[in-house]
Amino acid sequence: MHKTLSEGGMTLEQKDKRQISLERAQILKERIEDYLIKQESIPTGLKNEEYIQENKQRIMKIFGATNEQWDDWTWQISNRITDVKTLSKILNLSEEEKSQIELVGEKYRWAVSPYYASLMNPDDPSCPIRRQAIPSIEEMVEGGEADPMGEEFTSPVEGITRRYPDRLIIKVTNQCAMYCRHCQRRRCIGQQDLALPKEDLIRCIQYVREQKEIRDVLITGGDALLLSNERLHWILSELSEIPHVEIVRLGSRTPVTMPQRITDDLCEILSKFPPIYLNTHFNHPLEVTAEARKATDKLCRAGVVLGNQAVLLRGINDDVHVMKKLNHELLKIRVRPYYIFHPKEVIGTGHFSVKIQKGMEIMEHLRGYTSGLAVPTYIVNAPKGKGKTPILPNYILSWGENSVKLRTWEGEIVDYPN
């Protein structure tokens, strides 16, 4: 029996399936129509490259710097902007803003690398780069805790934080290229850059050596990559000789705030001690620049696996489209979105707070609406050091002995065999 052919050589049955597919494709496109429109107006560091270069030249002129100096991370550190007089040459500040920055600076330290300053809009106080780096009078509002994660009660050895069975943190320095206004460890910043003394590091490594259940060590701070190459090489070498340590992670925001730190010499050191995972901290698409891409490319070529830990911040990335755009930009430079952290209740950071519902809304607009690689895990840190708690939209509605009732990413209710 022959099937009736329709126009175009397809059977009527095939034509019906193709029509269904075309109609479904149109529905899927409509699902993200709002993002397709919105993304065109979301600024990114890669789209803003010309503007960033203009800012760079202007800042270099202020400092009397050469291109060679700009590309030297030690120059960037030595010339961090730490006073209102210098900052006002870079940003257009009102007299009120100047006095407020000085007032906040008496209580909370601040410093900005010249590179990170080049990403800022000098005329816009609401610029998401400025808001992460420049002190705000809102920091003086009472509320929050100095140590909401209870790290002081999870430190078996000076420099170590241990909250989980098989892994721990070694905080090797309090120094950063830029002091985030939402920093979870602002109590540790003080007014002076201090690396953990070598004798304390020796005790930390000895603790890891003795605790044979520890398979994963995170080196952080502050910023792990603000150590010298020599000190970092020594730490990695020591850990590599401990048989039960399977992986080492580095916590660093330098790919975001000072990508000049990612030198060939550094990458050569990192390439000697695989596997190394580096989690960095991009919060906005404006931070994904050509310089950041150059840094992540070097790290990838050295065999370092890259992830991103964003913090959900009011007025910066608490928008479903901005967060999606950030994750897309990160994947373009080979950084896997790993976590979205709900902001911790740190003293002086209440103006960044958002409701958990906002984080859930963002997750609802990621899962299914974009590739799984662009969907991080939304995390709330339980108080007093009780650890990371994933918060997910509820896709399981009920379950029985033989079937589970599920909600799909589009909201359709289906029964699935148990």
# chains A, B, ... in the order shown; residues from 1 in each chain; ligands from 1
$ closest_atom_pairs --of "stretch 157-244 of chain A" --to "stretch 66-78 of chain A" --cutoff "12 Å" --atoms "only C-alpha atoms" --output "CSV"
residue,atom,partner,partner_atom,distance
A:Gln175,CA,A:Ile77,CA,9.9
A:Cys176,CA,A:Ile77,CA,8.8
A:Ala177,CA,A:Ile77,CA,6.3
A:Met178,CA,A:Ile77,CA,9.1
A:Asp193,CA,A:Ile77,CA,11.1
A:Leu225,CA,A:Trp73,CA,10.8
A:Leu226,CA,A:Ile77,CA,9.1
A:Leu227,CA,A:Thr74,CA,11.2
A:Ser228,CA,A:Thr74,CA,10.1
A:Asn229,CA,A:Thr74,CA,11.9
$ write_last_selection --atoms "N, CA, C and O atoms" --output "mmCIF file, in the first residue's frame"
data_model
loop_
_atom_site.group_PDB
_atom_site.id
_atom_site.type_symbol
_atom_site.label_atom_id
_atom_site.label_comp_id
_atom_site.auth_asym_id
_atom_site.auth_seq_id
_atom_site.Cartn_x
_atom_site.Cartn_y
_atom_site.Cartn_z
ATOM 1 N N GLN A 175 44.746 40.431 51.243
ATOM 2 C CA GLN A 175 44.901 41.423 50.177
ATOM 3 C C GLN A 175 44.063 41.082 48.948
ATOM 4 O O GLN A 175 43.940 39.917 48.576
ATOM 5 N N CYS A 176 43.510 42.120 48.334
ATOM 6 C CA CYS A 176 42.780 41.989 47.073
ATOM 7 C C CYS A 176 43.186 43.140 46.155
ATOM 8 O O CYS A 176 43.653 44.182 46.622
ATOM 9 N N ALA A 177 42.974 42.945 44.862
ATOM 10 C CA ALA A 177 43.227 44.035 43.920
ATOM 11 C C ALA A 177 42.200 45.145 44.082
ATOM 12 O O ALA A 177 42.493 46.321 43.855
ATOM 13 N N MET A 178 40.983 44.767 44.488
ATOM 14 C CA MET A 178 39.902 45.716 44.718
ATOM 15 C C MET A 178 39.056 45.160 45.850
ATOM 16 O O MET A 178 38.747 43.971 45.869
ATOM 17 N N ASP A 193 47.759 45.360 54.246
ATOM 18 C CA ASP A 193 47.822 44.086 53.534
ATOM 19 C C ASP A 193 48.732 43.131 54.288
ATOM 20 O O ASP A 193 49.912 43.436 54.544
ATOM 21 N N LEU A 225 45.740 34.813 44.397
ATOM 22 C CA LEU A 225 46.742 35.186 43.401
ATOM 23 C C LEU A 225 47.442 36.503 43.727
ATOM 24 O O LEU A 225 48.265 36.973 42.941
ATOM 25 N N LEU A 226 47.147 37.073 44.904
ATOM 26 C CA LEU A 226 47.918 38.223 45.354
ATOM 27 C C LEU A 226 49.182 37.789 46.095
ATOM 28 O O LEU A 226 49.990 38.628 46.510
ATOM 29 N N LEU A 227 49.368 36.489 46.254
ATOM 30 C CA LEU A 227 50.652 35.974 46.724
ATOM 31 C C LEU A 227 51.676 36.096 45.603
ATOM 32 O O LEU A 227 51.335 36.137 44.423
ATOM 33 N N SER A 228 52.936 36.083 45.972
ATOM 34 C CA SER A 228 53.997 36.063 44.970
ATOM 35 C C SER A 228 54.006 34.702 44.273
ATOM 36 O O SER A 228 53.507 33.702 44.819
ATOM 37 N N ASN A 229 54.571 34.656 43.092
ATOM 38 C CA ASN A 229 54.711 33.385 42.383
ATOM 39 C C ASN A 229 55.483 32.377 43.213
ATOM 40 O O ASN A 229 55.141 31.181 43.238
#
$ select_by_dssp --residues "stretch 53-216 of chain A" --states "alpha helix (DSSP H)" --output "JSON, numbers by chain"
{"A": [53, 54, 55, 56, 57, 58, 59, 60, 61, 62, 63, 67, 68, 69, 70, 73, 74, 75, 76, 77, 78, 84, 85, 86, 87, 88, 89, 90, 95, 96, 97, 98, 99, 100, 101, 102, 103, 104, 105, 106, 107, 114, 115, 116, 117, 128, 129, 130, 131, 132, 133, 186, 187, 188, 189, 198, 199, 200, 201, 202, 203, 204, 205, 206, 207, 208, 209, 210]}
$ closest_atom_pairs --of "stretch 339-375 of chain A" --to "stretch 313-322 of chain A" --cutoff "9 Å" --atoms "only C-alpha atoms" --output "tab-separated table"
residue	atom	partner	partner_atom	distance
A:His342	CA	A:Leu313	CA	8.0
A:Pro343	CA	A:Leu313	CA	6.7
A:His351	CA	A:Arg314	CA	7.2
A:Phe352	CA	A:Arg314	CA	4.6
A:Ser353	CA	A:Arg314	CA	5.9
A:Val354	CA	A:Arg314	CA	5.8
A:Lys358	CA	A:Asp318	CA	7.0
A:Gly359	CA	A:Asp318	CA	7.6
A:Glu361	CA	A:Val320	CA	7.2
A:Ile362	CA	A:Val320	CA	4.8
A:Met363	CA	A:Val320	CA	8.1
A:Glu364	CA	A:Val320	CA	8.9
A:His365	CA	A:Val320	CA	6.4
A:Leu366	CA	A:Val320	CA	7.9
$ write_last_selection --atoms "C-alpha atoms" --output "compact mmCIF listing (two decimals), in the first residue's frame"
# COMPACT_ATOMS: atom_id res chain seq x y z
CA HIS A 342 22.47 34.82 47.88
CA PRO A 343 24.08 37.85 49.57
CA HIS A 351 21.85 47.94 50.57
CA PHE A 352 22.78 44.99 48.33
CA SER A 353 20.20 42.67 49.91
CA VAL A 354 17.53 40.96 47.82
CA LYS A 358 14.30 37.20 43.34
CA GLY A 359 16.90 34.46 43.15
CA GLU A 361 12.74 34.04 39.76
CA ILE A 362 16.13 34.18 38.07
CA MET A 363 16.55 30.40 38.30
CA GLU A 364 13.08 29.90 36.80
CA HIS A 365 14.18 32.02 33.82
CA LEU A 366 17.41 30.10 33.32
$ residues_around --residues "A:Pro43" --least-positions-apart "6" --cutoff "10 Å" --atoms "only C-alpha atoms" --output "list in words"
His284, Pro285, Leu286, Glu287, Val322 and Lys325 of chain A
$ write_last_selection --atoms "all heavy atoms" --output "tab-separated table (two decimals), in the first residue's frame"
chain	number	residue	atom	x	y	z
A	284	HIS	N	28.79	41.05	36.69
A	284	HIS	CA	28.04	41.82	35.69
A	284	HIS	C	28.70	41.65	34.33
A	284	HIS	O	29.93	41.54	34.24
A	284	HIS	CB	27.99	43.29	36.08
A	284	HIS	CG	27.00	44.09	35.28
A	284	HIS	ND1	27.28	44.58	34.02
A	284	HIS	CD2	25.72	44.45	35.56
A	284	HIS	CE1	26.20	45.21	33.55
A	284	HIS	NE2	25.25	45.15	34.46
A	285	PRO	N	27.90	41.64	33.25
A	285	PRO	CA	28.48	41.49	31.90
A	285	PRO	C	29.52	42.55	31.56
A	285	PRO	O	30.40	42.29	30.73
A	285	PRO	CB	27.26	41.61	30.98
A	285	PRO	CG	26.09	41.22	31.81
A	285	PRO	CD	26.41	41.67	33.20
A	286	LEU	N	29.46	43.73	32.18
A	286	LEU	CA	30.46	44.77	31.92
A	286	LEU	C	31.86	44.33	32.32
A	286	LEU	O	32.85	44.87	31.84
A	286	LEU	CB	30.10	46.05	32.66
A	286	LEU	CG	29.07	46.97	31.99
A	286	LEU	CD1	28.63	48.06	32.95
A	286	LEU	CD2	29.66	47.59	30.72
A	287	GLU	N	31.95	43.35	33.21
A	287	GLU	CA	33.26	42.88	33.69
A	287	GLU	C	33.91	41.90	32.73
A	287	GLU	O	35.11	41.61	32.86
A	287	GLU	CB	33.11	42.25	35.07
A	287	GLU	CG	32.67	43.24	36.14
A	287	GLU	CD	32.32	42.59	37.46
A	287	GLU	OE1	31.82	41.44	37.45
A	287	GLU	OE2	32.52	43.22	38.50
A	322	VAL	N	19.84	40.31	32.91
A	322	VAL	CA	21.24	40.64	33.16
A	322	VAL	C	22.01	39.40	33.61
A	322	VAL	O	23.13	39.14	33.15
A	322	VAL	CB	21.35	41.76	34.22
A	322	VAL	CG1	22.80	41.94	34.68
A	322	VAL	CG2	20.82	43.07	33.65
A	325	LYS	N	22.54	37.14	30.63
A	325	LYS	CA	23.56	37.70	29.76
A	325	LYS	C	24.95	37.50	30.37
A	325	LYS	O	25.91	37.17	29.64
A	325	LYS	CB	23.30	39.19	29.55
A	325	LYS	CG	24.23	39.85	28.53
A	325	LYS	CD	24.02	39.28	27.14
A	325	LYS	CE	24.82	40.03	26.10
A	325	LYS	NZ	24.66	39.46	24.75
$ select_by_dssp --residues "stretch 227-338 of chain A" --states "strand (DSSP E)" --output "PyMOL selection string"
chain A and resi 247-251+276-280+305-311+336-338
$ residues_around --residues "A:His233" --least-positions-apart "2" --cutoff "10 Å" --atoms "only C-alpha atoms" --output "compact mmCIF listing (two decimals) with N, CA and C atoms, in the first residue's frame"
# COMPACT_ATOMS: atom_id res chain seq x y z
N LEU A 227 49.37 36.49 46.25
CA LEU A 227 50.65 35.97 46.72
C LEU A 227 51.68 36.10 45.60
N SER A 228 52.94 36.08 45.97
CA SER A 228 54.00 36.06 44.97
C SER A 228 54.01 34.70 44.27
N ASN A 229 54.57 34.66 43.09
CA ASN A 229 54.71 33.38 42.38
C ASN A 229 55.48 32.38 43.21
N GLU A 230 56.51 32.85 43.90
CA GLU A 230 57.37 31.95 44.68
C GLU A 230 56.59 31.31 45.83
N ARG A 231 55.81 32.13 46.56
CA ARG A 231 55.04 31.58 47.68
C ARG A 231 53.95 30.65 47.17
N ILE A 235 53.44 26.59 48.08
CA ILE A 235 52.22 26.00 48.64
C ILE A 235 51.72 24.85 47.76
N LEU A 236 51.66 25.08 46.46
CA LEU A 236 51.17 24.05 45.54
C LEU A 236 52.09 22.83 45.56
N SER A 237 53.38 23.07 45.66
CA SER A 237 54.33 21.97 45.71
C SER A 237 54.13 21.13 46.96
N GLU A 238 53.94 21.79 48.10
CA GLU A 238 53.71 21.08 49.35
C GLU A 238 52.43 20.25 49.30
N LEU A 266 53.07 32.91 35.91
CA LEU A 266 52.08 32.32 36.80
C LEU A 266 51.47 31.06 36.18
N ILE A 269 53.60 28.02 36.37
CA ILE A 269 53.56 27.39 37.69
C ILE A 269 52.29 26.55 37.85
N LEU A 270 51.14 27.12 37.51
CA LEU A 270 49.87 26.42 37.68
C LEU A 270 49.82 25.16 36.83
N LYS A 272 52.00 23.05 36.35
CA LYS A 272 52.81 21.97 36.92
C LYS A 272 52.07 21.14 37.95
N PHE A 273 50.90 21.62 38.40
CA PHE A 273 50.24 20.97 39.53
C PHE A 273 48.77 20.64 39.24
$ atom_distance --atom1 "atom CA of A:Arg131" --atom2 "atom CA of A:Leu119"
11.8 Å
$ closest_residue --among "A:Leu278, A:Leu239, A:Leu326, A:Ala224" --to "A:Asn174" --atoms "only C-alpha atoms"
A:Ala224
$ closest_residue --among "A:Gln19, A:Ser271, A:Thr161, A:Thr377" --to "A:Val305" --atoms "only C-alpha atoms"
A:Ser271
$ residues_around --residues "A:Ile101" --least-positions-apart "3" --cutoff "7 Å" --atoms "only C-alpha atoms" --output "PyMOL selection string"
chain A and resi 97-98+104-105+135-136
$ residues_around --residues "A:Gln132" --least-positions-apart "6" --cutoff "9 Å" --atoms "only C-alpha atoms" --output "ChimeraX atom specification"
/A:179-182,316
$ write_last_selection --atoms "all heavy atoms" --output "PDB file, in the first residue's frame"
ATOM      1  N   TYR A 179      38.682  46.006  46.805  1.00  0.00           N
ATOM      2  CA  TYR A 179      37.899  45.537  47.941  1.00  0.00           C
ATOM      3  C   TYR A 179      36.409  45.729  47.662  1.00  0.00           C
ATOM      4  O   TYR A 179      35.888  46.848  47.674  1.00  0.00           O
ATOM      5  CB  TYR A 179      38.334  46.261  49.220  1.00  0.00           C
ATOM      6  CG  TYR A 179      39.757  45.916  49.582  1.00  0.00           C
ATOM      7  CD1 TYR A 179      40.768  46.853  49.482  1.00  0.00           C
ATOM      8  CD2 TYR A 179      40.092  44.616  49.963  1.00  0.00           C
ATOM      9  CE1 TYR A 179      42.078  46.518  49.773  1.00  0.00           C
ATOM     10  CE2 TYR A 179      41.402  44.265  50.252  1.00  0.00           C
ATOM     11  CZ  TYR A 179      42.392  45.218  50.148  1.00  0.00           C
ATOM     12  OH  TYR A 179      43.694  44.873  50.423  1.00  0.00           O
ATOM     13  N   CYS A 180      35.761  44.606  47.382  1.00  0.00           N
ATOM     14  CA  CYS A 180      34.336  44.629  47.034  1.00  0.00           C
ATOM     15  C   CYS A 180      33.533  45.212  48.185  1.00  0.00           C
ATOM     16  O   CYS A 180      33.758  44.874  49.358  1.00  0.00           O
ATOM     17  CB  CYS A 180      33.840  43.220  46.723  1.00  0.00           C
ATOM     18  SG  CYS A 180      34.741  42.380  45.405  1.00  0.00           S
ATOM     19  N   ARG A 181      32.562  46.047  47.856  1.00  0.00           N
ATOM     20  CA  ARG A 181      31.730  46.654  48.890  1.00  0.00           C
ATOM     21  C   ARG A 181      30.800  45.634  49.531  1.00  0.00           C
ATOM     22  O   ARG A 181      30.250  45.892  50.611  1.00  0.00           O
ATOM     23  CB  ARG A 181      30.919  47.826  48.319  1.00  0.00           C
ATOM     24  CG  ARG A 181      31.701  48.898  47.580  1.00  0.00           C
ATOM     25  CD  ARG A 181      33.070  49.186  48.155  1.00  0.00           C
ATOM     26  NE  ARG A 181      33.027  49.672  49.528  1.00  0.00           N
ATOM     27  CZ  ARG A 181      34.076  49.640  50.355  1.00  0.00           C
ATOM     28  NH1 ARG A 181      35.217  49.122  49.975  1.00  0.00           N
ATOM     29  NH2 ARG A 181      33.959  50.106  51.585  1.00  0.00           N
ATOM     30  N   HIS A 182      30.627  44.475  48.898  1.00  0.00           N
ATOM     31  CA  HIS A 182      29.767  43.432  49.452  1.00  0.00           C
ATOM     32  C   HIS A 182      30.580  42.306  50.075  1.00  0.00           C
ATOM     33  O   HIS A 182      30.047  41.230  50.351  1.00  0.00           O
ATOM     34  CB  HIS A 182      28.869  42.854  48.350  1.00  0.00           C
ATOM     35  CG  HIS A 182      29.634  42.322  47.175  1.00  0.00           C
ATOM     36  ND1 HIS A 182      30.084  43.144  46.155  1.00  0.00           N
ATOM     37  CD2 HIS A 182      30.054  41.079  46.858  1.00  0.00           C
ATOM     38  CE1 HIS A 182      30.735  42.415  45.263  1.00  0.00           C
ATOM     39  NE2 HIS A 182      30.739  41.161  45.672  1.00  0.00           N
ATOM     40  N   ILE A 316      22.623  45.593  40.778  1.00  0.00           N
ATOM     41  CA  ILE A 316      23.758  45.202  39.948  1.00  0.00           C
ATOM     42  C   ILE A 316      23.394  44.061  39.012  1.00  0.00           C
ATOM     43  O   ILE A 316      23.553  44.163  37.795  1.00  0.00           O
ATOM     44  CB  ILE A 316      24.979  44.853  40.820  1.00  0.00           C
ATOM     45  CG1 ILE A 316      25.483  46.118  41.517  1.00  0.00           C
ATOM     46  CG2 ILE A 316      26.097  44.211  39.982  1.00  0.00           C
ATOM     47  CD1 ILE A 316      26.572  45.884  42.527  1.00  0.00           C
TER      48      ILE A 316
END
$ closest_residue --among "A:Val335, A:Leu46, A:Val256, A:Leu168" --to "A:Ile129" --atoms "only C-alpha atoms"
A:Val256
$ closest_atom_pairs --of "stretch 260-339 of chain A" --to "stretch 250-255 of chain A" --cutoff "12 Å" --atoms "only C-alpha atoms" --output "CSV"
residue,atom,partner,partner_atom,distance
A:Gln260,CA,A:Pro255,CA,7.8
A:Arg261,CA,A:Thr254,CA,6.5
A:Ile262,CA,A:Pro255,CA,7.2
A:Thr263,CA,A:Pro255,CA,10.9
A:Leu270,CA,A:Leu250,CA,10.2
A:Pro275,CA,A:Leu250,CA,11.0
A:Ile276,CA,A:Leu250,CA,7.4
A:Tyr277,CA,A:Leu250,CA,6.3
A:Leu278,CA,A:Leu250,CA,4.7
A:Asn279,CA,A:Gly251,CA,5.3
A:Thr280,CA,A:Arg253,CA,5.0
A:His281,CA,A:Arg253,CA,5.4
A:Phe282,CA,A:Arg253,CA,7.7
A:Asn283,CA,A:Arg253,CA,10.5
A:Glu287,CA,A:Pro255,CA,9.3
A:Val288,CA,A:Pro255,CA,9.2
A:Thr289,CA,A:Pro255,CA,9.8
A:Ala290,CA,A:Pro255,CA,10.9
A:Glu291,CA,A:Pro255,CA,8.3
A:Ala292,CA,A:Pro255,CA,5.5
A:Arg293,CA,A:Pro255,CA,8.4
A:Lys294,CA,A:Pro255,CA,9.1
A:Ala295,CA,A:Pro255,CA,6.1
A:Thr296,CA,A:Pro255,CA,6.9
A:Asp297,CA,A:Pro255,CA,10.4
A:Lys298,CA,A:Pro255,CA,10.5
A:Leu299,CA,A:Pro255,CA,9.6
A:Val304,CA,A:Leu250,CA,9.8
A:Val305,CA,A:Leu250,CA,10.2
A:Leu306,CA,A:Leu250,CA,9.7
A:Gly307,CA,A:Gly251,CA,9.9
A:Asn308,CA,A:Arg253,CA,9.6
A:Gln309,CA,A:Gly251,CA,9.6
A:Ala310,CA,A:Arg253,CA,10.7
A:Leu330,CA,A:Pro255,CA,11.7
A:Ile333,CA,A:Pro255,CA,11.1
A:Val335,CA,A:Pro255,CA,10.6
$ atom_distance --atom1 "atom CA of A:Thr349" --atom2 "atom CA of A:Ile137"
10.6 Å
$ residues_around --residues "stretch 151-157 of chain A" --least-positions-apart "6" --cutoff "12 Å" --atoms "only C-alpha atoms" --output "count of residues only"
28
$ closest_residue --among "A:Asn402, A:Trp409, A:Cys300, A:Glu329" --to "A:Arg367" --atoms "only C-alpha atoms"
A:Trp409
$ closest_residue --among "A:Ile81, A:Ile340, A:Ile42, A:Ala133" --to "A:Cys183" --atoms "only C-alpha atoms"
A:Ala133
$ closest_residue --among "A:Glu401, A:Tyr395, A:Ile347, A:Glu158" --to "A:Ile413" --atoms "only C-alpha atoms"
A:Tyr395
$ decode --residues "stretch 190-204 of chain A" --atoms "N, CA, C and O atoms" --output "mmCIF file, in the first residue's frame"
data_model
loop_
_atom_site.group_PDB
_atom_site.id
_atom_site.type_symbol
_atom_site.label_atom_id
_atom_site.label_comp_id
_atom_site.auth_asym_id
_atom_site.auth_seq_id
_atom_site.Cartn_x
_atom_site.Cartn_y
_atom_site.Cartn_z
ATOM 1 N N GLY A 190 41.036 44.930 57.346
ATOM 2 C CA GLY A 190 41.830 45.845 58.151
ATOM 3 C C GLY A 190 42.265 47.062 57.355
ATOM 4 O O GLY A 190 41.613 47.477 56.405
ATOM 5 N N GLN A 191 43.395 47.628 57.724
ATOM 6 C CA GLN A 191 43.940 48.784 57.005
ATOM 7 C C GLN A 191 45.316 48.490 56.439
ATOM 8 O O GLN A 191 45.994 49.380 55.953
ATOM 9 N N GLN A 192 45.714 47.220 56.475
ATOM 10 C CA GLN A 192 47.049 46.852 56.023
ATOM 11 C C GLN A 192 46.989 45.501 55.333
ATOM 12 O O GLN A 192 46.263 44.593 55.764
ATOM 13 N N ASP A 193 47.759 45.360 54.246
ATOM 14 C CA ASP A 193 47.822 44.086 53.534
ATOM 15 C C ASP A 193 48.732 43.131 54.288
ATOM 16 O O ASP A 193 49.912 43.436 54.544
ATOM 17 N N LEU A 194 48.192 41.964 54.620
ATOM 18 C CA LEU A 194 48.949 40.984 55.397
ATOM 19 C C LEU A 194 48.789 39.597 54.794
ATOM 20 O O LEU A 194 47.659 39.108 54.639
ATOM 21 N N ALA A 195 49.901 38.971 54.458
ATOM 22 C CA ALA A 195 49.882 37.565 54.043
ATOM 23 C C ALA A 195 50.016 36.693 55.287
ATOM 24 O O ALA A 195 50.617 37.098 56.288
ATOM 25 N N LEU A 196 49.439 35.496 55.252
ATOM 26 C CA LEU A 196 49.584 34.559 56.360
ATOM 27 C C LEU A 196 51.065 34.200 56.494
ATOM 28 O O LEU A 196 51.703 33.805 55.516
ATOM 29 N N PRO A 197 51.640 34.373 57.680
ATOM 30 C CA PRO A 197 53.062 34.063 57.847
ATOM 31 C C PRO A 197 53.379 32.614 57.461
ATOM 32 O O PRO A 197 52.533 31.725 57.603
ATOM 33 N N LYS A 198 54.596 32.393 56.993
ATOM 34 C CA LYS A 198 54.964 31.061 56.509
ATOM 35 C C LYS A 198 54.848 30.006 57.601
ATOM 36 O O LYS A 198 54.440 28.871 57.343
ATOM 37 N N GLU A 199 55.160 30.385 58.850
ATOM 38 C CA GLU A 199 55.042 29.395 59.930
ATOM 39 C C GLU A 199 53.595 28.947 60.119
ATOM 40 O O GLU A 199 53.326 27.776 60.441
ATOM 41 N N ASP A 200 52.629 29.886 59.910
ATOM 42 C CA ASP A 200 51.213 29.501 59.980
ATOM 43 C C ASP A 200 50.830 28.629 58.782
ATOM 44 O O ASP A 200 50.047 27.677 58.913
ATOM 45 N N LEU A 201 51.364 28.973 57.603
ATOM 46 C CA LEU A 201 51.109 28.139 56.419
ATOM 47 C C LEU A 201 51.626 26.726 56.626
ATOM 48 O O LEU A 201 50.978 25.750 56.222
ATOM 49 N N ILE A 202 52.788 26.606 57.235
ATOM 50 C CA ILE A 202 53.354 25.276 57.511
ATOM 51 C C ILE A 202 52.410 24.487 58.405
ATOM 52 O O ILE A 202 52.164 23.289 58.171
ATOM 53 N N ARG A 203 51.844 25.146 59.415
ATOM 54 C CA ARG A 203 50.901 24.458 60.303
ATOM 55 C C ARG A 203 49.622 24.071 59.567
ATOM 56 O O ARG A 203 49.048 23.005 59.810
ATOM 57 N N CYS A 204 49.168 24.926 58.640
ATOM 58 C CA CYS A 204 47.979 24.603 57.843
ATOM 59 C C CYS A 204 48.230 23.356 56.995
ATOM 60 O O CYS A 204 47.392 22.440 56.935
#
